[in-house]
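Novice: Please read through the structure below; I'll follow up with questions.
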Amino acid sequence: MGRCVLVTGGAGYVGSHTVLQLLLEGFTAVVVDNLDNSSEFAVQRVAQLAGEFGKNLTFHRIDIRDIEALEKVFSTTKFDAVIHFAGLKAVGESVQKPLLYYKNNIIGTIALLEVMAAYGCKKLVFSSSATVYGWPKDLPCTEESPLCAMNPYGQTKLMIEEICHDIHRADSDWKIMLLRYFNPVGAHSSGHIGEDPRGIPNNLMPLIQQVSVGRRPTLAVFGNDYSTKDGTGVRDYIHVVDLADGHIAALHKFFEDPNIGCEVYNLGTGNGTSVLEMVAAFEKASGKKIPLVMAGRRPGDAEILYACTAKAEKELNWKAKYSIEEMCRDQWNWASKNPWGYGLPDPAN
Ligand code: NAD
Ligand code: UD1
């Protein structure tokens, strides 16, 4: 049996892709997810895609704030590490319902950390976000760039990073990787798993995808008056499978380097792509026209954000390998095979 990893939020977008890579690498994976923003079908498909390794995957429908339920899982399985994806991530919703975000993301993480400590599992990989850089003055963002939360969602990421630093300071047995993701897009090349957010998506790629399959008539471009190459916002898009592999690299680091403390890594490509460039690449990959509507800037949006990836390359021995073309190809493959995601056609969405 390979090493055993608990994956919170493993039914979600980044989680499902990471669980697949874990299984293929010979790990045993236990997923806990309350399915708030995901479907159990994703877990089933991961097991199928993993072939003979699919038997090494277990799923529990659990809310991580439910300490008793978490304890039950920990009492029956000894985990070598935890990858913690579970959290709410819609920025706009976090502004409307801050308590929901603090309760779910912060209380949920504290519950998880307490149970981990009680059962002697002190290796954690946490999903942080490039959102912690706010609107950066200097680019690319390095792990030392100033941090600034622009909204309650971003606050939860910053607070959890701080909590992790504090518990490591208090007890150096804790080994923690804070992974700051840039913009994950694309899907597994099979087209059987991908992003399927509940309700109206917030992010660019799921919206482009829904326009491409006829679920929405147009894409609103949030601002075309930025000081960028074509006036639209620039981001560092990273293929979700590259991101998943970054987690495997982080786990290997845990098991190979005894000097790990509480470490921060950017996971991105280091390249900036504008909204219009992304739309053009997707149109080319899909052969579909994405009708655009020019809209005002979205409050809280940075103009340009991209990563310095030198630290992850050097210390995790990991580097993103997929291009924007491949991200769009795989996104379209998933979209065309699953125009309604994991669900059935829904007239409301
Ligand atoms: P996602 O919504 O697809 O996955 C999150 C999963 O967590 C979902 O399956 C949801 O049902 C589950 N969940 C939420 N609260 C829970 C709780 N209390 N108990 C149990 N399960 C719970 O999101 P994702 O895109 O896969 O993101 C994963 C993580 O990465 C999140 O923490 C997110 O904030 C972070 N992140 C995502 C992005 C991105 O653009 N996708 C960027 C930076 C950081
Ligand atoms: C957003 C969040 C960020 C979060 C990240 C991943 C905001 C302000 N920021 O980042 O906190 O970590 O998602 O979940 O919400 N765009 C359009 N039209 C759209 C949607 C987006 O033009 O309908 C543009 C945006 O202005 C931006 C780019 O596309 O320039 C990417 O947007 P998005 O996918 O939402 O990611 P971020 O803005 O990087």
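Labels for the structure tokens follow display order: chains A, B, ..., residues from 1 in each chain, ligands from 1.
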Residues near region 28-30 of chain A, anyone? I mean within 8 Å using only C-alpha atoms, not counting same-chain ones fewer than 5 positions away, as a VMD selection string.

Specialist: chain A and resid 1 to 7 19 22 to 23 56 to 60

Novice: Residues as selected, N, CA and C atoms, written as a PDB file, in the first residue's frame, can you do that?

Specialist:
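Written output follows (again_10.pdb):
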```pdb
ATOM      1  N   MET A   1       0.836  -1.208   0.000  1.00  0.00           N
ATOM      2  CA  MET A   1       0.000   0.000   0.000  1.00  0.00           C
ATOM      3  C   MET A   1       0.867   1.252   0.000  1.00  0.00           C
ATOM      4  N   GLY A   2       0.511   2.209  -0.859  1.00  0.00           N
ATOM      5  CA  GLY A   2       1.282   3.449  -0.905  1.00  0.00           C
ATOM      6  C   GLY A   2       0.929   4.331   0.279  1.00  0.00           C
ATOM      7  N   ARG A   3       1.564   5.483   0.339  1.00  0.00           N
ATOM      8  CA  ARG A   3       1.256   6.430   1.421  1.00  0.00           C
ATOM      9  C   ARG A   3      -0.191   6.878   1.301  1.00  0.00           C
ATOM     10  N   CYS A   4      -0.781   7.212   2.435  1.00  0.00           N
ATOM     11  CA  CYS A   4      -2.212   7.520   2.449  1.00  0.00           C
ATOM     12  C   CYS A   4      -2.432   9.010   2.711  1.00  0.00           C
ATOM     13  N   VAL A   5      -3.223   9.624   1.858  1.00  0.00           N
ATOM     14  CA  VAL A   5      -3.448  11.065   1.938  1.00  0.00           C
ATOM     15  C   VAL A   5      -4.942  11.356   2.087  1.00  0.00           C
ATOM     16  N   LEU A   6      -5.278  12.202   3.053  1.00  0.00           N
ATOM     17  CA  LEU A   6      -6.657  12.680   3.178  1.00  0.00           C
ATOM     18  C   LEU A   6      -6.787  13.917   2.299  1.00  0.00           C
ATOM     19  N   VAL A   7      -7.828  13.948   1.464  1.00  0.00           N
ATOM     20  CA  VAL A   7      -8.025  15.093   0.578  1.00  0.00           C
ATOM     21  C   VAL A   7      -9.368  15.722   0.904  1.00  0.00           C
ATOM     22  N   VAL A  19      -6.577  14.245  -6.983  1.00  0.00           N
ATOM     23  CA  VAL A  19      -6.790  12.868  -6.503  1.00  0.00           C
ATOM     24  C   VAL A  19      -6.398  11.879  -7.609  1.00  0.00           C
ATOM     25  N   LEU A  22      -2.713  11.628  -7.713  1.00  0.00           N
ATOM     26  CA  LEU A  22      -2.247  10.909  -6.510  1.00  0.00           C
ATOM     27  C   LEU A  22      -2.361   9.401  -6.717  1.00  0.00           C
ATOM     28  N   LEU A  23      -3.539   8.975  -7.194  1.00  0.00           N
ATOM     29  CA  LEU A  23      -3.767   7.541  -7.376  1.00  0.00           C
ATOM     30  C   LEU A  23      -2.782   6.982  -8.406  1.00  0.00           C
ATOM     31  N   ASN A  56      -7.960   2.274  -4.722  1.00  0.00           N
ATOM     32  CA  ASN A  56      -7.291   2.959  -3.605  1.00  0.00           C
ATOM     33  C   ASN A  56      -7.942   4.292  -3.243  1.00  0.00           C
ATOM     34  N   LEU A  57      -9.173   4.498  -3.715  1.00  0.00           N
ATOM     35  CA  LEU A  57      -9.891   5.751  -3.446  1.00  0.00           C
ATOM     36  C   LEU A  57     -11.142   5.470  -2.612  1.00  0.00           C
ATOM     37  N   THR A  58     -11.311   6.245  -1.539  1.00  0.00           N
ATOM     38  CA  THR A  58     -12.515   6.139  -0.703  1.00  0.00           C
ATOM     39  C   THR A  58     -13.123   7.529  -0.589  1.00  0.00           C
ATOM     40  N   PHE A  59     -14.447   7.587  -0.553  1.00  0.00           N
ATOM     41  CA  PHE A  59     -15.125   8.883  -0.431  1.00  0.00           C
ATOM     42  C   PHE A  59     -16.047   8.902   0.784  1.00  0.00           C
ATOM     43  N   HIS A  60     -16.010  10.021   1.536  1.00  0.00           N
ATOM     44  CA  HIS A  60     -16.963  10.231   2.630  1.00  0.00           C
ATOM     45  C   HIS A  60     -17.627  11.587   2.424  1.00  0.00           C
TER      46      HIS A  60
END
```

Novice: Write down as a ChimeraX atom specification the residues belonging to region 78-188 of chain A that are assigned strand (DSSP E) by DSSP computed on the backbone.

Specialist: /A:81-84,123-129,175-181,183-185

Novice: Around ligand 2, at most 7 Å away and counting only C-alpha atoms and all ligand atoms, which residues are there? Put them as a ChimeraX atom specification, please.

Specialist: /A:89-92,129-131,153-154,183,202-205,207,219-223,232-235,275,297-303

Novice: Residues of region 159-270 of chain A classed as alpha helix (DSSP H) by DSSP on the backbone are to be reported as a ChimeraX atom specification.

Specialist: /A:159-170,204-212,240-256

Novice: What are the closest atom pairs, with distances in Å to one decimal, for each residue of chain A lying within 6 Å of ligand 1, using only C-alpha atoms and all ligand atoms, rows by chain and rising residue number, as CSV?

Specialist:
```
residue,atom,partner,partner_atom_place_in_ligand_line,distance
A:Gly9,CA,ligand 1,7 (O),3.4
A:Ala11,CA,ligand 1,9 (O),4.5
A:Gly12,CA,ligand 1,3 (O),3.4
A:Tyr13,CA,ligand 1,26 (O),3.6
A:Val14,CA,ligand 1,26 (O),3.7
A:Gly15,CA,ligand 1,26 (O),5.2
A:Asp33,CA,ligand 1,21 (N),3.6
A:Asn34,CA,ligand 1,20 (C),4.2
A:Leu35,CA,ligand 1,11 (O),3.7
A:Asp36,CA,ligand 1,11 (O),3.7
A:Asn37,CA,ligand 1,11 (O),3.9
A:Ser38,CA,ligand 1,9 (O),4.4
A:Ile62,CA,ligand 1,20 (C),5.7
A:Asp63,CA,ligand 1,19 (N),3.5
A:Ile64,CA,ligand 1,19 (N),4.1
A:Arg65,CA,ligand 1,18 (N),5.7
A:Phe85,CA,ligand 1,29 (C),4.1
A:Ala86,CA,ligand 1,7 (O),3.4
A:Gly87,CA,ligand 1,14 (C),3.9
A:Leu88,CA,ligand 1,14 (C),5.1
A:Lys89,CA,ligand 1,34 (O),4.5
A:Asn104,CA,ligand 1,18 (N),5.1
A:Gly108,CA,ligand 1,18 (N),5.6
A:Ser127,CA,ligand 1,30 (O),4.6
A:Ser128,CA,ligand 1,44 (C),5.2
A:Ser129,CA,ligand 1,43 (C),3.9
A:Tyr181,CA,ligand 1,43 (C),4.7
A:Phe182,CA,ligand 1,42 (C),5.9
A:Asn183,CA,ligand 1,40 (O),5.1
A:Pro184,CA,ligand 1,40 (O),5.2
```

Novice: For Ile67 (chain A), which of A:Val82, A:Leu292, A:Leu251, A:Ala111 is the closest residue, counting only C-alpha atoms?

Specialist: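 Of A:Val82, A:Leu292, A:Leu251, A:Ala111, the one nearest Ile67 (chain A), counting only C-alpha atoms, is A:Ala111.
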
Novice: Which residues are near Cys164 (chain A)? Cut-off 9 Å, only C-alpha atoms, ignore same chain within fewer than 5 positions. Put them as a short mmCIF file (atom, residue, chain, number, x, y, z; two decimals) with N, CA and C atoms, in the first residue's frame.

Specialist:
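Produced file result20.cif, reproduced below:
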```
data_model
loop_
_atom_site.label_atom_id
_atom_site.label_comp_id
_atom_site.auth_asym_id
_atom_site.auth_seq_id
_atom_site.Cartn_x
_atom_site.Cartn_y
_atom_site.Cartn_z
N MET A 159 -5.70 34.63 6.51
CA MET A 159 -5.79 34.20 7.92
C MET A 159 -5.33 32.76 8.07
N ARG A 169 5.16 27.58 14.32
CA ARG A 169 6.04 28.25 15.30
C ARG A 169 5.89 27.59 16.67
N TRP A 174 4.96 20.28 12.92
CA TRP A 174 4.10 20.59 11.77
C TRP A 174 4.97 20.88 10.54
N ILE A 176 4.25 22.22 6.71
CA ILE A 176 3.11 22.80 5.99
C ILE A 176 3.56 23.44 4.68
N LEU A 178 2.08 25.99 1.90
CA LEU A 178 1.02 26.92 1.50
C LEU A 178 1.21 27.17 0.00
N CYS A 262 7.19 25.67 7.57
CA CYS A 262 5.95 26.14 6.96
C CYS A 262 6.36 26.96 5.75
#
```

Novice: Near Gly191 (chain A), within 8 Å and counting only C-alpha atoms, which residues show up once chain neighbours fewer than 6 positions away are dropped, as number ranges by chain?

Specialist: A: 330-331, 333-335, 337-338

Novice: Create the file for the chosen residues now, containing all heavy atoms and written as a PDB file, in the first residue's frame.

Specialist:
```
ATOM      1  N   ASP A 330      -8.111  21.243 -23.878  1.00  0.00           N
ATOM      2  CA  ASP A 330      -8.656  20.315 -22.873  1.00  0.00           C
ATOM      3  C   ASP A 330      -9.934  20.847 -22.241  1.00  0.00           C
ATOM      4  O   ASP A 330     -10.832  20.084 -21.881  1.00  0.00           O
ATOM      5  CB  ASP A 330      -7.588  20.013 -21.802  1.00  0.00           C
ATOM      6  CG  ASP A 330      -6.426  19.206 -22.383  1.00  0.00           C
ATOM      7  OD1 ASP A 330      -6.607  18.607 -23.475  1.00  0.00           O
ATOM      8  OD2 ASP A 330      -5.340  19.185 -21.775  1.00  0.00           O
ATOM      9  N   GLN A 331     -10.022  22.169 -22.129  1.00  0.00           N
ATOM     10  CA  GLN A 331     -11.259  22.778 -21.604  1.00  0.00           C
ATOM     11  C   GLN A 331     -12.411  22.481 -22.576  1.00  0.00           C
ATOM     12  O   GLN A 331     -13.507  22.109 -22.170  1.00  0.00           O
ATOM     13  CB  GLN A 331     -11.072  24.293 -21.469  1.00  0.00           C
ATOM     14  CG  GLN A 331     -12.238  25.017 -20.836  1.00  0.00           C
ATOM     15  CD  GLN A 331     -12.065  25.199 -19.331  1.00  0.00           C
ATOM     16  OE1 GLN A 331     -10.953  25.296 -18.845  1.00  0.00           O
ATOM     17  NE2 GLN A 331     -13.169  25.243 -18.613  1.00  0.00           N
ATOM     18  N   ASN A 333     -12.552  20.054 -24.821  1.00  0.00           N
ATOM     19  CA  ASN A 333     -12.825  18.616 -24.833  1.00  0.00           C
ATOM     20  C   ASN A 333     -13.796  18.260 -23.705  1.00  0.00           C
ATOM     21  O   ASN A 333     -14.774  17.534 -23.910  1.00  0.00           O
ATOM     22  CB  ASN A 333     -11.485  17.862 -24.672  1.00  0.00           C
ATOM     23  CG  ASN A 333     -11.636  16.368 -24.858  1.00  0.00           C
ATOM     24  OD1 ASN A 333     -12.465  15.907 -25.659  1.00  0.00           O
ATOM     25  ND2 ASN A 333     -10.860  15.596 -24.128  1.00  0.00           N
ATOM     26  N   TRP A 334     -13.546  18.785 -22.515  1.00  0.00           N
ATOM     27  CA  TRP A 334     -14.438  18.562 -21.364  1.00  0.00           C
ATOM     28  C   TRP A 334     -15.812  19.176 -21.637  1.00  0.00           C
ATOM     29  O   TRP A 334     -16.848  18.545 -21.437  1.00  0.00           O
ATOM     30  CB  TRP A 334     -13.803  19.156 -20.109  1.00  0.00           C
ATOM     31  CG  TRP A 334     -14.731  19.567 -19.001  1.00  0.00           C
ATOM     32  CD1 TRP A 334     -15.017  20.836 -18.613  1.00  0.00           C
ATOM     33  CD2 TRP A 334     -15.483  18.701 -18.118  1.00  0.00           C
ATOM     34  NE1 TRP A 334     -15.893  20.825 -17.542  1.00  0.00           N
ATOM     35  CE2 TRP A 334     -16.194  19.529 -17.227  1.00  0.00           C
ATOM     36  CE3 TRP A 334     -15.624  17.321 -18.006  1.00  0.00           C
ATOM     37  CZ2 TRP A 334     -17.036  19.025 -16.239  1.00  0.00           C
ATOM     38  CZ3 TRP A 334     -16.469  16.816 -17.012  1.00  0.00           C
ATOM     39  CH2 TRP A 334     -17.172  17.669 -16.141  1.00  0.00           C
ATOM     40  N   ALA A 335     -15.822  20.417 -22.144  1.00  0.00           N
ATOM     41  CA  ALA A 335     -17.089  21.136 -22.370  1.00  0.00           C
ATOM     42  C   ALA A 335     -17.931  20.430 -23.428  1.00  0.00           C
ATOM     43  O   ALA A 335     -19.141  20.252 -23.254  1.00  0.00           O
ATOM     44  CB  ALA A 335     -16.795  22.568 -22.817  1.00  0.00           C
ATOM     45  N   LYS A 337     -17.867  17.325 -24.371  1.00  0.00           N
ATOM     46  CA  LYS A 337     -18.354  16.006 -23.929  1.00  0.00           C
ATOM     47  C   LYS A 337     -19.363  16.124 -22.794  1.00  0.00           C
ATOM     48  O   LYS A 337     -20.154  15.223 -22.584  1.00  0.00           O
ATOM     49  CB  LYS A 337     -17.174  15.156 -23.432  1.00  0.00           C
ATOM     50  CG  LYS A 337     -16.309  14.621 -24.565  1.00  0.00           C
ATOM     51  CD  LYS A 337     -15.212  13.719 -24.025  1.00  0.00           C
ATOM     52  CE  LYS A 337     -14.477  13.033 -25.148  1.00  0.00           C
ATOM     53  NZ  LYS A 337     -13.073  12.772 -24.821  1.00  0.00           N
ATOM     54  N   ASN A 338     -19.289  17.225 -22.039  1.00  0.00           N
ATOM     55  CA  ASN A 338     -20.140  17.394 -20.839  1.00  0.00           C
ATOM     56  C   ASN A 338     -20.685  18.820 -20.796  1.00  0.00           C
ATOM     57  O   ASN A 338     -20.335  19.596 -19.898  1.00  0.00           O
ATOM     58  CB  ASN A 338     -19.332  17.153 -19.558  1.00  0.00           C
ATOM     59  CG  ASN A 338     -18.605  15.821 -19.565  1.00  0.00           C
ATOM     60  OD1 ASN A 338     -19.153  14.806 -19.173  1.00  0.00           O
ATOM     61  ND2 ASN A 338     -17.367  15.819 -20.030  1.00  0.00           N
TER      62      ASN A 338
END
```

Novice: Find the residue from A:Ser94, A:Val264, A:Val43, A:Met278 that sits nearest to Glu161 (chain A); use only C-alpha atoms when measuring.

Specialist: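 Among the listed residues, A:Val264 lies closest to Glu161 (chain A).
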
Novice: Rounded to one decimal in Å, what is the spacing between CA of Met116 (chain A) and CA of Ile160 (chain A)?

Specialist: 15.2 Å

Novice: Restricting the calculation to only C-alpha atoms, which member of A:Cys121, A:Asn105, A:Asp245, A:Arg180 is positioned closest to Ser75 (chain A)?

Specialist: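 Selected residue with least distance to Ser75 (chain A): A:Cys121.
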
Novice: Point out the residue among A:Met150, A:Ile193, A:Val132, A:Ala50 with the least atom-to-atom distance to Ser336 (chain A), counting only C-alpha atoms.

Specialist: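 For Ser336 (chain A), the nearest of the given residues is A:Ile193.
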
Novice: So, counting only C-alpha atoms, which residue among A:Ile110, A:Ile260, A:Ile167, A:Val31 is closest to Glu315 (chain A)?

Specialist: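 When distances to Glu315 (chain A) are compared using only C-alpha atoms, the smallest one comes from A:Ile260.
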